[in-house]
file work_13.txt (compact mmCIF, C-alpha atoms)
# COMPACT_ATOMS: atom_id res chain seq x y z
CA MET A 1 -62.21 136.24 64.71
CA GLN A 2 -60.20 133.82 62.57
CA ALA A 3 -60.22 130.13 63.62
CA ILE A 4 -57.22 127.87 62.93
CA ASN A 5 -56.81 124.11 63.21
CA GLU A 6 -53.23 122.98 63.81
CA GLY A 7 -52.26 119.55 65.03
CA ALA A 8 -54.75 118.52 67.71
CA ALA A 9 -55.52 122.14 68.65
CA LYS A 10 -58.11 124.61 67.45
CA ILE A 11 -57.46 128.26 68.18
CA LYS A 12 -58.90 131.67 67.48
CA ILE A 13 -56.51 134.52 66.83
CA GLY A 14 -57.42 137.63 68.77
CA LYS A 15 -56.73 141.18 67.65
CA GLY A 16 -53.14 142.24 68.22
CA VAL A 17 -51.93 138.66 68.91
CA PHE A 18 -49.12 137.10 66.85
CA TYR A 19 -49.55 133.77 65.08
CA ASN A 20 -47.24 132.55 62.28
CA PRO A 21 -48.65 129.62 60.27
CA LYS A 22 -45.24 129.04 58.65
CA MET A 23 -43.92 127.94 62.04
CA SER A 24 -46.31 124.99 62.29
CA LYS A 25 -43.51 122.64 61.17
CA LEU A 26 -41.34 123.84 64.06
CA ARG A 27 -44.23 123.31 66.46
CA ASP A 28 -44.57 119.78 65.05
CA VAL A 29 -40.87 119.17 65.77
CA SER A 30 -41.25 120.57 69.29
CA VAL A 31 -44.14 118.17 69.97
CA LEU A 32 -42.05 115.29 68.61
CA PHE A 33 -39.18 116.29 70.90
CA LEU A 34 -41.43 116.12 73.96
CA ARG A 35 -42.96 112.84 72.82
CA SER A 36 -39.48 111.32 72.36
CA LEU A 37 -38.58 112.20 75.96
CA LYS A 38 -41.58 110.18 77.20
CA LEU A 39 -42.19 112.60 80.05
CA ARG A 40 -44.51 111.58 82.86
CA ASN A 41 -46.26 114.11 85.12
CA ALA A 42 -44.08 116.88 83.67
CA ARG A 43 -44.51 120.55 84.51
CA LEU A 44 -44.08 122.71 81.39
CA LEU A 45 -43.66 126.47 81.14
CA ASP A 46 -44.36 128.25 77.87
CA ALA A 47 -42.66 131.58 78.55
CA THR A 48 -43.97 133.34 75.42
CA ALA A 49 -47.48 131.99 74.96
CA ALA A 50 -49.11 134.41 72.45
CA THR A 51 -52.23 132.51 71.26
CA GLY A 52 -51.39 129.52 73.46
CA ILE A 53 -51.03 127.21 70.46
CA ARG A 54 -47.79 125.58 71.64
CA GLY A 55 -48.91 124.88 75.18
CA ILE A 56 -52.24 123.48 74.00
CA ARG A 57 -50.54 121.21 71.46
CA TYR A 58 -48.03 120.04 74.07
CA GLU A 59 -50.90 119.07 76.35
CA ARG A 60 -53.04 117.39 73.71
CA GLU A 61 -50.32 115.70 71.60
CA ALA A 62 -47.39 115.11 73.96
CA GLY A 63 -49.41 114.27 77.07
CA ILE A 64 -48.07 117.18 79.17
CA LYS A 65 -50.77 117.52 81.82
CA ASN A 66 -49.39 120.49 83.77
CA VAL A 67 -48.90 123.48 81.45
CA THR A 68 -48.27 127.09 82.50
CA MET A 69 -48.34 129.87 79.91
CA LEU A 70 -46.89 133.35 80.35
CA ASP A 71 -47.44 136.48 78.30
CA MET A 72 -47.22 140.04 79.56
CA ASN A 73 -49.22 141.33 76.57
CA PRO A 74 -52.82 141.62 77.88
CA HIS A 75 -54.25 140.90 74.40
CA ALA A 76 -52.14 137.71 74.19
CA SER A 77 -52.99 136.45 77.68
CA LYS A 78 -56.70 137.07 76.98
CA SER A 79 -56.40 135.17 73.68
CA ALA A 80 -54.53 132.30 75.34
CA ARG A 81 -57.20 131.99 78.05
CA ALA A 82 -59.93 131.91 75.42
CA ASN A 83 -58.11 129.20 73.48
CA VAL A 84 -57.49 127.17 76.64
CA ALA A 85 -61.24 127.22 77.24
CA LEU A 86 -61.99 126.44 73.58
CA ASN A 87 -59.81 123.30 73.76
CA LYS A 88 -61.05 122.29 77.22
CA SER A 89 -57.44 122.54 78.36
CA ARG A 90 -56.33 122.56 81.99
CA ALA A 91 -53.44 124.95 81.27
CA ARG A 92 -52.89 127.95 83.50
CA VAL A 93 -52.37 131.37 81.84
CA ILE A 94 -50.52 134.12 83.73
CA GLY A 95 -50.24 137.68 82.46
CA LYS A 96 -46.63 138.24 83.49
CA SER A 97 -43.21 138.43 81.85
CA LEU A 98 -40.74 135.62 82.43
CA GLN A 99 -38.55 137.98 84.44
CA GLU A 100 -41.40 138.94 86.78
CA PHE A 101 -42.58 135.35 87.14
CA ALA A 102 -39.08 133.97 87.80
CA GLY A 103 -38.50 136.59 90.48
CA SER A 104 -41.64 135.81 92.42
CA SER A 105 -42.98 132.30 91.80
CA GLY A 106 -40.42 129.99 93.44
CA GLU A 107 -41.56 127.20 91.09
CA VAL A 108 -39.42 124.78 89.05
CA PHE A 109 -40.31 123.12 85.75
CA ASP A 110 -39.40 119.99 83.84
CA VAL A 111 -39.68 121.75 80.46
CA ILE A 112 -39.28 125.44 79.59
CA ASP A 113 -40.01 126.83 76.12
CA ILE A 114 -38.55 130.22 75.14
CA ASP A 115 -39.71 131.45 71.73
CA PRO A 116 -39.51 135.26 71.65
CA PHE A 117 -39.43 137.73 68.80
CA GLY A 118 -35.71 138.51 68.41
CA SER A 119 -33.02 137.41 70.83
CA PRO A 120 -33.71 134.93 73.65
CA ALA A 121 -30.57 136.05 75.50
CA PRO A 122 -32.33 138.24 78.12
CA MET A 123 -34.71 135.35 78.97
CA VAL A 124 -32.24 132.49 79.40
CA HIS A 125 -30.98 133.68 82.80
CA ASP A 126 -34.51 133.84 84.20
CA ALA A 127 -35.43 130.45 82.74
CA LEU A 128 -32.48 128.92 84.57
CA LYS A 129 -33.88 130.23 87.88
CA LEU A 130 -36.90 127.99 87.25
CA SER A 131 -34.85 124.92 86.27
CA LYS A 132 -33.56 121.79 88.00
CA ASP A 133 -31.48 118.75 87.14
CA GLY A 134 -33.04 117.21 84.03
CA THR A 135 -35.03 120.27 82.93
CA SER A 136 -35.42 120.42 79.15
CA LEU A 137 -35.00 123.81 77.48
CA MET A 138 -36.32 124.74 74.05
CA VAL A 139 -34.80 128.06 72.96
CA THR A 140 -35.56 129.96 69.74
CA ALA A 141 -33.64 132.91 68.29
CA THR A 142 -34.98 134.94 65.37
CA ASP A 143 -32.22 137.57 65.43
CA THR A 144 -30.39 135.67 62.71
CA ALA A 145 -28.82 138.81 61.23
CA THR A 146 -26.99 139.22 64.54
CA LEU A 147 -25.99 135.56 64.94
CA CYS A 148 -25.04 135.16 61.26
CA GLY A 149 -22.60 138.05 61.30
CA ALA A 150 -24.47 140.80 59.46
CA GLU A 151 -24.40 142.72 62.75
CA GLY A 152 -21.14 141.51 64.25
CA SER A 153 -20.88 144.10 67.01
CA ALA A 154 -24.40 143.24 68.21
CA CYS A 155 -23.48 139.54 68.40
CA LEU A 156 -20.40 140.36 70.46
CA ARG A 157 -22.49 142.53 72.78
CA ILE A 158 -25.46 140.16 73.19
CA TYR A 159 -23.87 136.71 72.94
CA GLY A 160 -20.23 137.46 73.76
CA ALA A 161 -18.98 135.96 70.48
CA LYS A 162 -17.55 137.06 67.13
CA PRO A 163 -19.79 135.65 64.36
CA ILE A 164 -18.83 134.55 60.84
CA HIS A 165 -20.60 136.00 57.79
CA ASN A 166 -20.24 133.39 55.05
CA GLU A 167 -21.50 129.92 54.12
CA LEU A 168 -20.87 128.62 57.66
CA CYS A 169 -22.98 131.30 59.34
CA HIS A 170 -26.07 129.20 60.05
CA GLU A 171 -24.21 126.41 61.79
CA THR A 172 -22.02 128.84 63.72
CA SER A 173 -25.15 130.76 64.79
CA VAL A 174 -26.48 127.56 66.38
CA ARG A 175 -23.13 126.97 68.05
CA ILE A 176 -22.87 130.58 69.29
CA LEU A 177 -26.33 130.29 70.86
CA LEU A 178 -25.44 126.97 72.52
CA GLY A 179 -22.15 128.42 73.76
CA PHE A 180 -24.04 131.35 75.27
CA VAL A 181 -26.52 129.02 77.00
CA ALA A 182 -23.66 126.84 78.29
CA ARG A 183 -21.93 129.84 79.89
CA GLU A 184 -25.18 131.13 81.41
CA ALA A 185 -26.10 127.66 82.69
CA ALA A 186 -22.69 127.24 84.32
CA GLN A 187 -23.51 130.18 86.62
CA PHE A 188 -26.28 127.98 88.06
CA ASN A 189 -24.06 124.86 88.18
CA PHE A 190 -25.74 123.32 85.13
CA GLY A 191 -24.13 121.64 82.15
CA ILE A 192 -26.00 121.25 78.87
CA GLU A 193 -26.74 118.24 76.68
CA PRO A 194 -28.01 119.28 73.21
CA ILE A 195 -30.71 116.93 71.91
CA LEU A 196 -31.46 118.67 68.61
CA SER A 197 -30.30 121.89 66.92
CA ILE A 198 -32.02 123.56 63.96
CA ALA A 199 -31.37 126.45 61.60
CA ASP A 200 -34.29 126.90 59.22
CA MET A 201 -35.88 129.84 57.43
CA HIS A 202 -35.45 132.88 59.72
CA TYR A 203 -34.88 131.12 63.04
CA ILE A 204 -32.49 129.11 65.18
CA ARG A 205 -33.94 126.57 67.63
CA VAL A 206 -32.03 124.44 70.13
CA PHE A 207 -33.40 121.64 72.32
CA LEU A 208 -31.28 120.63 75.31
CA VAL A 209 -31.34 119.03 78.75
CA LEU A 210 -29.73 120.58 81.82
CA ARG A 211 -27.43 118.42 83.95
CA HIS A 212 -26.73 119.74 87.46
CA GLY A 213 -23.29 119.63 89.03
CA ALA A 214 -20.00 121.51 89.07
CA ARG A 215 -18.32 118.86 86.89
CA GLU A 216 -21.14 119.02 84.34
CA ALA A 217 -21.05 122.82 84.25
CA ALA A 218 -17.27 122.95 83.80
CA GLY A 219 -17.44 120.21 81.17
CA SER A 220 -19.94 122.15 79.08
CA VAL A 221 -17.94 125.36 79.22
CA GLY A 222 -14.94 123.26 78.23
CA MET A 223 -16.80 122.22 75.06
CA THR A 224 -16.67 125.80 73.78
CA GLY A 225 -13.86 127.16 71.64
CA PHE A 226 -12.95 128.88 68.40
CA LEU A 227 -13.26 128.32 64.66
CA SER A 228 -10.37 129.20 62.34
CA HIS A 229 -11.47 129.72 58.72
CA CYS A 230 -9.50 130.31 55.51
CA SER A 231 -11.32 132.59 53.08
CA ARG A 232 -8.87 131.66 50.29
CA CYS A 233 -9.33 127.86 50.09
CA ARG A 234 -12.34 127.39 52.48
CA SER A 235 -10.38 125.13 54.83
CA PHE A 236 -11.21 125.30 58.53
CA SER A 237 -10.07 124.02 61.90
CA TYR A 238 -11.45 124.35 65.41
CA LYS A 239 -10.07 124.07 68.91
CA LYS A 240 -11.64 124.06 72.33
CA GLY A 241 -10.29 126.52 74.86
CA VAL A 242 -9.03 130.09 74.54
CA ALA A 243 -8.60 132.02 71.30
CA ALA A 244 -4.82 132.02 71.67
CA SER A 245 -4.77 128.29 70.88
CA ALA A 246 -6.64 128.67 67.56
CA ASP A 247 -4.82 128.13 64.26
CA THR A 248 -3.80 131.36 62.55
CA LYS A 249 -2.21 129.89 59.40
CA CYS A 250 -3.99 127.61 56.95
CA THR A 251 -2.22 124.25 56.69
CA ASN A 252 -3.53 123.83 53.14
CA CYS A 253 -2.62 127.13 51.41
CA ARG A 254 -0.66 128.99 54.15
CA ALA A 255 -2.98 132.01 54.03
CA ASP A 256 -3.94 133.84 57.22
CA MET A 257 -6.99 132.38 58.91
CA GLN A 258 -9.72 134.40 60.61
CA ILE A 259 -10.83 133.37 64.10
CA PHE A 260 -14.47 133.30 65.27
CA GLY A 261 -16.18 132.47 68.54
CA PRO A 262 -16.31 131.41 71.26
CA MET A 263 -18.94 128.84 70.31
CA TRP A 264 -20.12 125.34 71.21
CA LEU A 265 -17.94 122.66 69.56
CA GLY A 266 -19.65 119.61 71.02
CA PRO A 267 -22.50 117.48 69.65
CA LEU A 268 -25.58 119.18 68.23
CA LYS A 269 -27.94 116.27 68.75
CA ASN A 270 -28.67 113.00 70.52
CA ASP A 271 -28.86 110.39 67.76
CA ARG A 272 -31.07 107.99 69.71
CA LEU A 273 -33.71 110.59 70.53
CA VAL A 274 -33.67 112.11 67.02
CA SER A 275 -34.17 108.63 65.57
CA SER A 276 -37.14 108.23 67.93
CA MET A 277 -38.52 111.55 66.67
CA ARG A 278 -38.14 110.28 63.11
CA LYS A 279 -40.29 107.23 63.83
CA LEU A 280 -42.93 109.34 65.53
CA SER A 281 -42.96 111.90 62.68
CA ARG A 282 -44.49 109.39 60.23
CA SER A 283 -47.96 110.43 61.37
CA TYR A 284 -47.27 114.13 60.70
CA ALA A 285 -47.30 116.23 57.52
CA SER A 286 -44.86 115.13 54.81
CA GLU A 287 -42.92 118.40 55.19
CA THR A 288 -42.30 117.65 58.86
CA LEU A 289 -41.34 114.04 58.12
CA ARG A 290 -38.81 115.06 55.43
CA PHE A 291 -37.34 117.69 57.73
CA VAL A 292 -36.83 115.28 60.63
CA GLU A 293 -35.37 112.68 58.26
CA LYS A 294 -32.83 115.26 57.09
CA LEU A 295 -31.90 116.10 60.67
CA ASP A 296 -31.53 112.40 61.54
CA ASP A 297 -29.35 111.61 58.50
CA GLU A 298 -26.94 114.50 59.04
CA LEU A 299 -23.51 113.69 60.48
CA ASP A 300 -22.95 115.27 63.87
CA MET A 301 -19.56 116.92 63.44
CA PRO A 302 -18.53 120.57 63.38
CA PHE A 303 -18.81 122.49 60.11
CA PHE A 304 -18.95 121.57 56.43
CA TYR A 305 -17.65 122.33 52.93
CA SER A 306 -19.61 124.37 50.40
CA ILE A 307 -19.27 122.75 46.97
CA PRO A 308 -20.20 125.94 45.04
CA LYS A 309 -17.50 127.86 46.93
CA ILE A 310 -14.93 125.24 45.96
CA THR A 311 -15.98 125.19 42.29
CA SER A 312 -15.68 128.97 42.27
CA ILE A 313 -12.13 128.78 43.66
CA LEU A 314 -11.25 126.11 41.05
CA LYS A 315 -12.88 128.23 38.32
CA ILE A 316 -14.95 125.32 37.04
CA GLY A 317 -18.65 124.93 36.37
CA SER A 318 -21.17 123.73 38.91
CA VAL A 319 -21.16 120.06 39.87
CA SER A 320 -23.83 117.79 41.31
CA LEU A 321 -23.56 116.93 44.98
CA GLU A 322 -24.21 113.21 44.45
CA PRO A 323 -20.94 112.26 42.67
CA VAL A 324 -18.97 114.28 45.24
CA ILE A 325 -20.67 112.36 48.06
CA LYS A 326 -20.13 109.05 46.26
CA THR A 327 -16.41 109.70 45.77
CA LEU A 328 -15.85 110.88 49.35
CA GLY A 329 -17.90 107.97 50.68
CA LYS A 330 -15.34 105.46 49.42
CA ARG A 331 -12.84 106.52 52.09
CA HIS A 332 -14.68 108.87 54.45
CA VAL A 333 -17.97 109.40 56.25
CA VAL A 334 -20.07 112.02 54.48
CA SER A 335 -23.60 113.45 54.52
CA ARG A 336 -25.67 116.37 53.40
CA THR A 337 -26.34 119.12 55.93
CA GLN A 338 -29.40 121.06 57.02
CA PHE A 339 -27.31 124.23 57.12
CA ASP A 340 -26.69 124.49 53.36
CA LYS A 341 -28.29 122.40 50.61
CA ASP A 342 -25.16 122.49 48.41
CA SER A 343 -22.67 121.44 51.08
CA VAL A 344 -21.31 118.28 52.69
CA LYS A 345 -20.26 117.29 56.19
CA THR A 346 -17.34 114.88 56.17
CA ASP A 347 -14.20 113.85 58.02
CA ALA A 348 -12.24 114.44 54.80
CA ASP A 349 -9.95 117.47 54.62
CA ILE A 350 -10.14 120.26 52.06
CA GLY A 351 -7.66 118.49 49.79
CA ASP A 352 -9.80 115.34 49.54
CA VAL A 353 -12.98 117.37 49.04
CA THR A 354 -11.34 119.44 46.29
CA ALA A 355 -10.16 116.25 44.58
CA ALA A 356 -13.71 114.85 44.75
CA VAL A 357 -15.08 118.05 43.21
CA ARG A 358 -12.53 117.87 40.36
CA SER A 359 -13.48 114.24 39.76
CA ALA A 360 -17.18 115.14 39.62
CA ALA A 361 -16.44 117.94 37.16
CA ARG A 362 -14.70 115.49 34.80
call {"tool": "encode", "arguments": {"input": "work_13.txt", "output": "structure tokens"}}
result
Amino acid sequence: MQAINEGAAKIKIGKGVFYNPKMSKLRDVSVLFLRSLKLRNARLLDATAATGIRGIRYEREAGIKNVTMLDMNPHASKSARANVALNKSRARVIGKSLQEFAGSSGEVFDVIDIDPFGSPAPMVHDALKLSKDGTSLMVTATDTATLCGAEGSACLRIYGAKPIHNELCHETSVRILLGFVAREAAQFNFGIEPILSIADMHYIRVFLVLRHGAREAAGSVGMTGFLSHCSRCRSFSYKKGVAASADTKCTNCRADMQIFGPMWLGPLKNDRLVSSMRKLSRSYASETLRFVEKLDDELDMPFFYSIPKITSILKIGSVSLEPVIKTLGKRHVVSRTQFDKDSVKTDADIGDVTAAVRSAAR
């Protein structure tokens, strides 16, 4: 049986149990999230335990003393129990699905982690049954083909939203997931406060805190709306509310705009907590540190401009991102974005960004 050391945990991977070493960076970030919250006497539920690596790391590195792990796969629950014993952990392992556990336990948790294979949508409703005011949710989606628009009808069916299938797809996938969670949470009188939102490799991961109350629930649903996008000049606009209020004509080139959503149009992160995670990440692997630094430096505003798309429209050669950022920075706020390495987030409009690209090309 293969033994793995990751973070402060040592695990053995049993036959038929899933473990992805490439996700260790995400587990680092999840630990940093919990450490930044400075939780005391928290009760944590890992709803998809597999080997138990996350729950064990949360206990050993983030100081979570009351950990419950669920997995309906008997091979996984056996593996998790063995790893709990190996690490001298006090975590409890239960061989049930989240749906079964939520329907029978009557418990509530301070933190719930949902990290399934595929869509988390069927699990969110049950997680909310186990939540209270202040509960932190960590939700992963690996059905990126659905959320990024390659399977548009599936996204409409599962998440109740029309996805976009172009350079904006990774950010809109995060926002579609958050919009879905906001609508589900509102049924339980919860609003959501996103703390951190990630699109990396093959997954989407959102970290948020639930706020109980009718006003909070209505406010979160009110933060959802629609994106209007121009495929001719790459301009975009967005409006909260119903689709009928979305722009249908591009103000830059007068072409018809396509409308996508509904999706979350509010903040994607809490700057104070992400900055705290950045400080804490200095003791982790350099890959994790660089990733958190990138998340911290990114402007928190909806959507971005792809510089290669604009150079293609202008029929000019490729340009470096740095002179574009420098030019825009003279009059606007601007940053790189995690969602696309060749793009910029800025409060400038498409005309100013195009002018900056032309300047960089000269």
call {"tool": "residues_around", "arguments": {"input": "work_13.txt", "residues": "Ser173 (chain A)", "least_positions_apart": "4", "cutoff": "12 Å", "atoms": "only C-alpha atoms", "output": "ChimeraX atom specification"}}
result
/A:119,140-150,152,155,159,161-169,177-180,197-200,202-206,260-265,303,339
call {"tool": "residues_around", "arguments": {"input": "work_13.txt", "residues": "Ser105 (chain A)", "least_positions_apart": "2", "cutoff": "12 Å", "atoms": "all atoms listed in the file", "output": "list of chain:residue names"}}
result
A:Thr68, A:Ile94, A:Lys96, A:Ser97, A:Leu98, A:Gln99, A:Glu100, A:Phe101, A:Ala102, A:Gly103, A:Glu107, A:Val108, A:Phe109, A:Asp126, A:Ala127, A:Lys129, A:Leu130
call {"tool": "residues_around", "arguments": {"input": "work_13.txt", "residues": "region 214-220 of chain A", "least_positions_apart": "4", "cutoff": "10 Å", "atoms": "all atoms listed in the file", "output": "list in words"}}
result
Leu178, Gly179, Val181, Ala182, Arg183, Glu184, Ala185, Ala186, Gln187, Phe188, Asn189, Phe190, Gly191, Ile192, Glu193, Leu210, Thr224, Trp264, Leu265 and Gly266 of chain A
call {"tool": "write_last_selection", "arguments": {"input": "work_13.txt", "atoms": "C-alpha atoms", "output": "tab-separated table (two decimals), in the coordinates of the input"}}
result
chain	number	residue	atom	x	y	z
A	178	LEU	CA	-25.44	126.97	72.52
A	179	GLY	CA	-22.15	128.42	73.76
A	181	VAL	CA	-26.52	129.02	77.00
A	182	ALA	CA	-23.66	126.84	78.29
A	183	ARG	CA	-21.93	129.84	79.89
A	184	GLU	CA	-25.18	131.13	81.41
A	185	ALA	CA	-26.10	127.66	82.69
A	186	ALA	CA	-22.69	127.24	84.32
A	187	GLN	CA	-23.51	130.18	86.62
A	188	PHE	CA	-26.28	127.98	88.06
A	189	ASN	CA	-24.06	124.86	88.18
A	190	PHE	CA	-25.74	123.32	85.13
A	191	GLY	CA	-24.13	121.64	82.15
A	192	ILE	CA	-26.00	121.25	78.87
A	193	GLU	CA	-26.74	118.24	76.68
A	210	LEU	CA	-29.73	120.58	81.82
A	224	THR	CA	-16.67	125.80	73.78
A	264	TRP	CA	-20.12	125.34	71.21
A	265	LEU	CA	-17.94	122.66	69.56
A	266	GLY	CA	-19.65	119.61	71.02
call {"tool": "residues_around", "arguments": {"input": "work_13.txt", "residues": "Asp28 (chain A)", "least_positions_apart": "2", "cutoff": "12 Å", "atoms": "all atoms listed in the file", "output": "count of residues only"}}
result
36
call {"tool": "atom_distance", "arguments": {"input": "work_13.txt", "atom1": "CA of Leu295 (chain A)", "atom2": "CA of Ile11 (chain A)"}}
result
29.3 Å
call {"tool": "build_atoms", "arguments": {"input": "work_13.txt", "residues": "region 210-219 of chain A", "atoms": "all heavy atoms", "output": "tab-separated table (two decimals), in the frame of the given file"}}
result
chain	number	residue	atom	x	y	z
A	210	LEU	N	-30.67	120.07	80.82
A	210	LEU	CA	-29.73	120.58	81.82
A	210	LEU	C	-29.29	119.45	82.75
A	210	LEU	O	-30.11	118.65	83.19
A	210	LEU	CB	-30.37	121.69	82.64
A	210	LEU	CG	-30.79	122.94	81.88
A	210	LEU	CD1	-31.57	123.88	82.81
A	210	LEU	CD2	-29.58	123.66	81.30
A	211	ARG	N	-27.99	119.40	83.02
A	211	ARG	CA	-27.43	118.42	83.95
A	211	ARG	C	-26.76	119.17	85.10
A	211	ARG	O	-25.84	119.95	84.88
A	211	ARG	CB	-26.41	117.52	83.24
A	211	ARG	CG	-26.94	116.78	82.02
A	211	ARG	CD	-28.09	115.85	82.37
A	211	ARG	NE	-28.54	115.06	81.21
A	211	ARG	CZ	-29.67	114.38	81.19
A	211	ARG	NH1	-30.47	114.37	82.25
A	211	ARG	NH2	-30.02	113.69	80.10
A	212	HIS	N	-27.23	118.95	86.33
A	212	HIS	CA	-26.73	119.74	87.46
A	212	HIS	C	-25.44	119.15	88.03
A	212	HIS	O	-25.28	117.94	88.12
A	212	HIS	CB	-27.79	119.81	88.56
A	212	HIS	CG	-27.46	120.78	89.64
A	212	HIS	ND1	-26.88	120.40	90.84
A	212	HIS	CD2	-27.60	122.12	89.69
A	212	HIS	CE1	-26.68	121.47	91.58
A	212	HIS	NE2	-27.11	122.53	90.92
A	213	GLY	N	-24.54	120.04	88.40
A	213	GLY	CA	-23.29	119.63	89.03
A	213	GLY	C	-22.13	120.47	88.54
A	213	GLY	O	-22.11	120.91	87.39
A	214	ALA	N	-21.15	120.69	89.43
A	214	ALA	CA	-20.00	121.51	89.07
A	214	ALA	C	-19.21	120.88	87.93
A	214	ALA	O	-18.72	121.57	87.03
A	214	ALA	CB	-19.10	121.70	90.30
A	215	ARG	N	-19.06	119.54	87.96
A	215	ARG	CA	-18.32	118.86	86.89
A	215	ARG	C	-19.04	119.02	85.56
A	215	ARG	O	-18.40	119.27	84.53
A	215	ARG	CB	-18.17	117.38	87.24
A	215	ARG	CG	-17.43	116.59	86.17
A	215	ARG	CD	-17.29	115.13	86.56
A	215	ARG	NE	-16.49	114.97	87.76
A	215	ARG	CZ	-16.21	113.78	88.32
A	215	ARG	NH1	-16.69	112.67	87.78
A	215	ARG	NH2	-15.48	113.71	89.41
A	216	GLU	N	-20.37	118.88	85.57
A	216	GLU	CA	-21.14	119.02	84.34
A	216	GLU	C	-21.05	120.44	83.79
A	216	GLU	O	-20.90	120.64	82.58
A	216	GLU	CB	-22.61	118.65	84.59
A	216	GLU	CG	-22.86	117.16	84.79
A	216	GLU	CD	-22.45	116.66	86.16
A	216	GLU	OE1	-22.08	117.49	87.03
A	216	GLU	OE2	-22.50	115.43	86.38
A	217	ALA	N	-21.13	121.42	84.67
A	217	ALA	CA	-21.05	122.82	84.25
A	217	ALA	C	-19.69	123.13	83.63
A	217	ALA	O	-19.59	123.73	82.55
A	217	ALA	CB	-21.31	123.74	85.43
A	218	ALA	N	-18.62	122.71	84.32
A	218	ALA	CA	-17.27	122.95	83.80
A	218	ALA	C	-17.04	122.21	82.49
A	218	ALA	O	-16.41	122.72	81.56
A	218	ALA	CB	-16.23	122.53	84.84
A	219	GLY	N	-17.59	120.99	82.40
A	219	GLY	CA	-17.44	120.21	81.17
A	219	GLY	C	-18.09	120.88	79.98
A	219	GLY	O	-17.54	120.86	78.87
